[in-house]
There are 2 protein chains.
Amino acid sequence: METTEMDQIRSRLEDHGYRLTPQRMRIVEAVLAEEDKHLSADDIYTILRENHPEIGIATVYRTLEILRELGIVNQLTFEEGVSRYEYSAREHHHHLVCLKCGKVIEFSNDELERLEQKLARKYDFQIVGHHLKLYGYCSLCQ
Amino acid sequence: METTEMDQIRSRLEDHGYRLTPQRMRIVEAVLAEEDKHLSADDIYTILRENHPEIGIATVYRTLEILRELGIVNQLTFEEGVSRYEYSAREHHHHLVCLKCGKVIEFSNDELERLEQKLARKYDFQIVGHHLKLYGYCSLCQ
DNA sequence: TTCCTTATTGATAACGATTCTCAATTTCAT
DNA sequence: ATGAAATTGAGAATCGTTATCAATAAGGAA
Ligand SMILES: [Mn+2]
Ligand SMILES: [Mn+2]
Ligand SMILES: [Zn+2]
Ligand SMILES: [Zn+2]
């Protein structure tokens with residue numbers, strides 16, 4: 001039998017004493033369904049509302065916090081005062097953000113891994129991650 | 001006569017129809033005095049409180065917003081849900097942040113300017129800035 | 001100076017995102 | 001089925017930030 005992403009996430013949760021409740025499953029589904037988007041808690045709440053109006057916003061926040069703790073999602077912010085989340089089992093990447101319309105383009109860059117190691121040595125830091133954000137105006141907004 | 005930083009900032013403000021009021025001057029002074037720190041609005045408010053208890057927190061926020069608009073300070077966030085500010089007339093740099101104690105180390109990297117241009121061409125973006133943040137644990141916290 | 005227009009201020013209310021509280025419900029191992 | 005522990009939804013609370021507004025300050029013209 002194959003192991004689906006949801007199975008892996010279930011194990012991950014249970015290994016840490018958490019249960020994969022129906023509500024949590026719906027939230028994970030929403031994140032997986034919009035893999036390349038960067039959904040906020042409220043975005044997810046709004047999406048779920050359609051078919052599952054009984055789920056509360058507090059549960060969405062609580063679940064995202066657990067998913068983040070377990071490294072299942074990355075929490076990021078594009079300086080709008082809202083946290084956004086993306087499924088973490090994707091190629092590591094960075095973001096190019098339009099300051100006018102908020103459009104986000106993803107890109108990769110290998111060189112930063114080397115820089116990370118160099119700085120770890122230099123400053124005696126144990127580095128666990130990095131994120132490069134570029135700001136500007138997209139073709140439509142400039 | 002020499003042109004001080006404050007003079008330059010005054011011109012900058014007046015060119016845009018803003019006045020350099022005593023309150024604004026106190027706030028700019030605080031930012032300049034702690035050049036390499038990353039002060040929040042509340043940090044500044046607390047500092048000013050000692051000698052200028054009449055300044056309101058709203059004025060601090062308003063002033064920082066103007067300084068940001070004019071490019072006199074950079075607004076940044078280390079994902080604690082608070083905006084922090086630094087005097088922008090410094091060498092362009094990036095940040096290494098300790099996830100435990102919040103310690104911030106600054107570092108520079110020239111290569112990113114080239115990357116910026118490459119991406120600008122590739123995605124037809126007019127890039128106005130970028131910021132690299134590395135996360136980890138400092139020597140004391142790891 | 002005096003007058004007038006406009007900018008700025010401090011206090012405080014309002015806001016929006018997030019977290020907390022708590023009683024009710026669900027889950028899971030027994 | 002039973003009971004302990006986890007989870008839930010609703011709503012209150014929190015916290016950083018922004019908006020409102022009447023009072024004050026600033027700067028230019030007379
Ligand atoms: Mn992304
Ligand atoms: Mn800095
Ligand atoms: Zn755009
Ligand atoms: Zn530390």
# chains A, B, ... in the order shown; residues from 1 in each chain; ligands from 1
>>> interface_residues(of="chain A", to="chain C", cutoff="9 Å", atoms="only C-alpha atoms (C1' of nucleotides)", output="VMD selection string")
chain A and resid 19 21 58 61 81 to 83
>>> interface_residues(of="chain D", to="chain B", cutoff="9 Å", atoms="only C-alpha atoms (C1' of nucleotides)", output="CSV table (one decimal) with C-alpha atoms (C1' of nucleotides), in the first residue's frame")
chain,number,residue,atom,x,y,z
D,16,DG,C1',0.5,46.2,17.9
D,17,DT,C1',-1.0,49.7,15.1
D,18,DT,C1',-4.1,53.2,13.0
D,26,DA,C1',4.4,76.5,13.2
>>> residues_near_ligand(ligand="ligand 2", cutoff="12 Å", atoms="only C-alpha atoms (C1' of nucleotides) and all ligand atoms", output="number ranges by chain")
B: 34-39, 73-78, 84-97, 103-108, 131-133
>>> residues_near_ligand(ligand="ligand 3", cutoff="9 Å", atoms="only C-alpha atoms (C1' of nucleotides) and all ligand atoms", output="list in words")
Val97, Cys98, Leu99, Lys100, Cys101, Gly102, Lys103, Val104, Gly136, Tyr137, Cys138, Ser139, Leu140, Cys141 and Gln142 of chain A; Phe125 of chain B
>>> select_by_dssp(residues="chain A", states="helix (DSSP H, G or I)", output="VMD selection string")
chain A and resid 5 to 15 22 to 33 41 to 51 57 to 69 111 to 123
>>> write_last_selection(atoms="C-alpha atoms", output="compact mmCIF listing (two decimals), in the first residue's frame")
# COMPACT_ATOMS: atom_id res chain seq x y z
CA GLU A 5 1.08 12.73 2.18
CA MET A 6 -1.85 12.68 4.59
CA ASP A 7 -0.64 9.37 6.07
CA GLN A 8 2.79 10.83 6.66
CA ILE A 9 1.32 13.88 8.29
CA ARG A 10 -0.91 11.68 10.48
CA SER A 11 2.15 9.74 11.71
CA ARG A 12 4.02 12.90 12.29
CA LEU A 13 1.20 14.28 14.42
CA GLU A 14 0.65 11.07 16.36
CA ASP A 15 4.36 10.70 17.05
CA PRO A 22 -11.44 15.76 10.88
CA GLN A 23 -10.93 19.48 11.35
CA ARG A 24 -7.17 19.17 11.12
CA MET A 25 -7.51 16.99 8.06
CA ARG A 26 -9.64 19.60 6.31
CA ILE A 27 -7.06 22.26 7.10
CA VAL A 28 -4.18 20.14 5.84
CA GLU A 29 -6.16 19.39 2.68
CA ALA A 30 -6.64 23.07 2.06
CA VAL A 31 -2.92 23.72 2.43
CA LEU A 32 -2.04 20.83 0.12
CA ALA A 33 -4.64 21.81 -2.47
CA ALA A 41 -5.26 31.58 8.51
CA ASP A 42 -8.21 33.61 7.37
CA ASP A 43 -7.83 32.46 3.75
CA ILE A 44 -8.07 28.88 4.96
CA TYR A 45 -10.98 29.68 7.24
CA THR A 46 -12.83 31.24 4.32
CA ILE A 47 -12.14 28.28 2.04
CA LEU A 48 -13.33 25.78 4.63
CA ARG A 49 -16.40 27.78 5.41
CA GLU A 50 -18.06 26.70 2.17
CA ASN A 51 -18.18 23.01 2.96
CA ILE A 57 -11.14 30.19 13.23
CA ALA A 58 -9.40 29.35 16.52
CA THR A 59 -8.99 25.77 15.33
CA VAL A 60 -7.41 26.99 12.14
CA TYR A 61 -4.88 29.03 14.09
CA ARG A 62 -4.22 26.19 16.53
CA THR A 63 -3.69 23.69 13.74
CA LEU A 64 -1.36 25.93 11.76
CA GLU A 65 0.71 26.44 14.89
CA ILE A 66 1.08 22.68 15.33
CA LEU A 67 1.90 22.16 11.65
CA ARG A 68 4.52 24.83 11.91
CA GLU A 69 5.96 23.32 15.10
CA GLU A 111 24.49 29.69 -3.59
CA LEU A 112 22.83 30.67 -0.36
CA GLU A 113 23.48 27.28 1.20
CA ARG A 114 27.19 27.93 0.92
CA LEU A 115 26.82 31.38 2.42
CA GLU A 116 24.88 29.83 5.28
CA GLN A 117 27.77 27.54 6.17
CA LYS A 118 30.29 30.30 5.92
CA LEU A 119 28.35 32.48 8.34
CA ALA A 120 27.67 29.58 10.69
CA ARG A 121 31.41 29.13 11.11
CA LYS A 122 32.19 32.81 11.31
CA TYR A 123 29.64 33.66 14.00
>>> atom_distance(atom1="atom C1' of DA10 of chain D", atom2="atom CA of Tyr18 of chain A")
22.6 Å
>>> atom_distance(atom1="atom CA of Val128 of chain B", atom2="atom CA of Gly71 of chain B")
11.7 Å
>>> atom_distance(atom1="atom C1' of DA6 of chain D", atom2="atom CA of Gly17 of chain A")
9.0 Å
>>> closest_residue(among="B:His16, B:His52, B:Glu79, B:Asp110", to="chain A", atoms="only C-alpha atoms")
B:Glu79
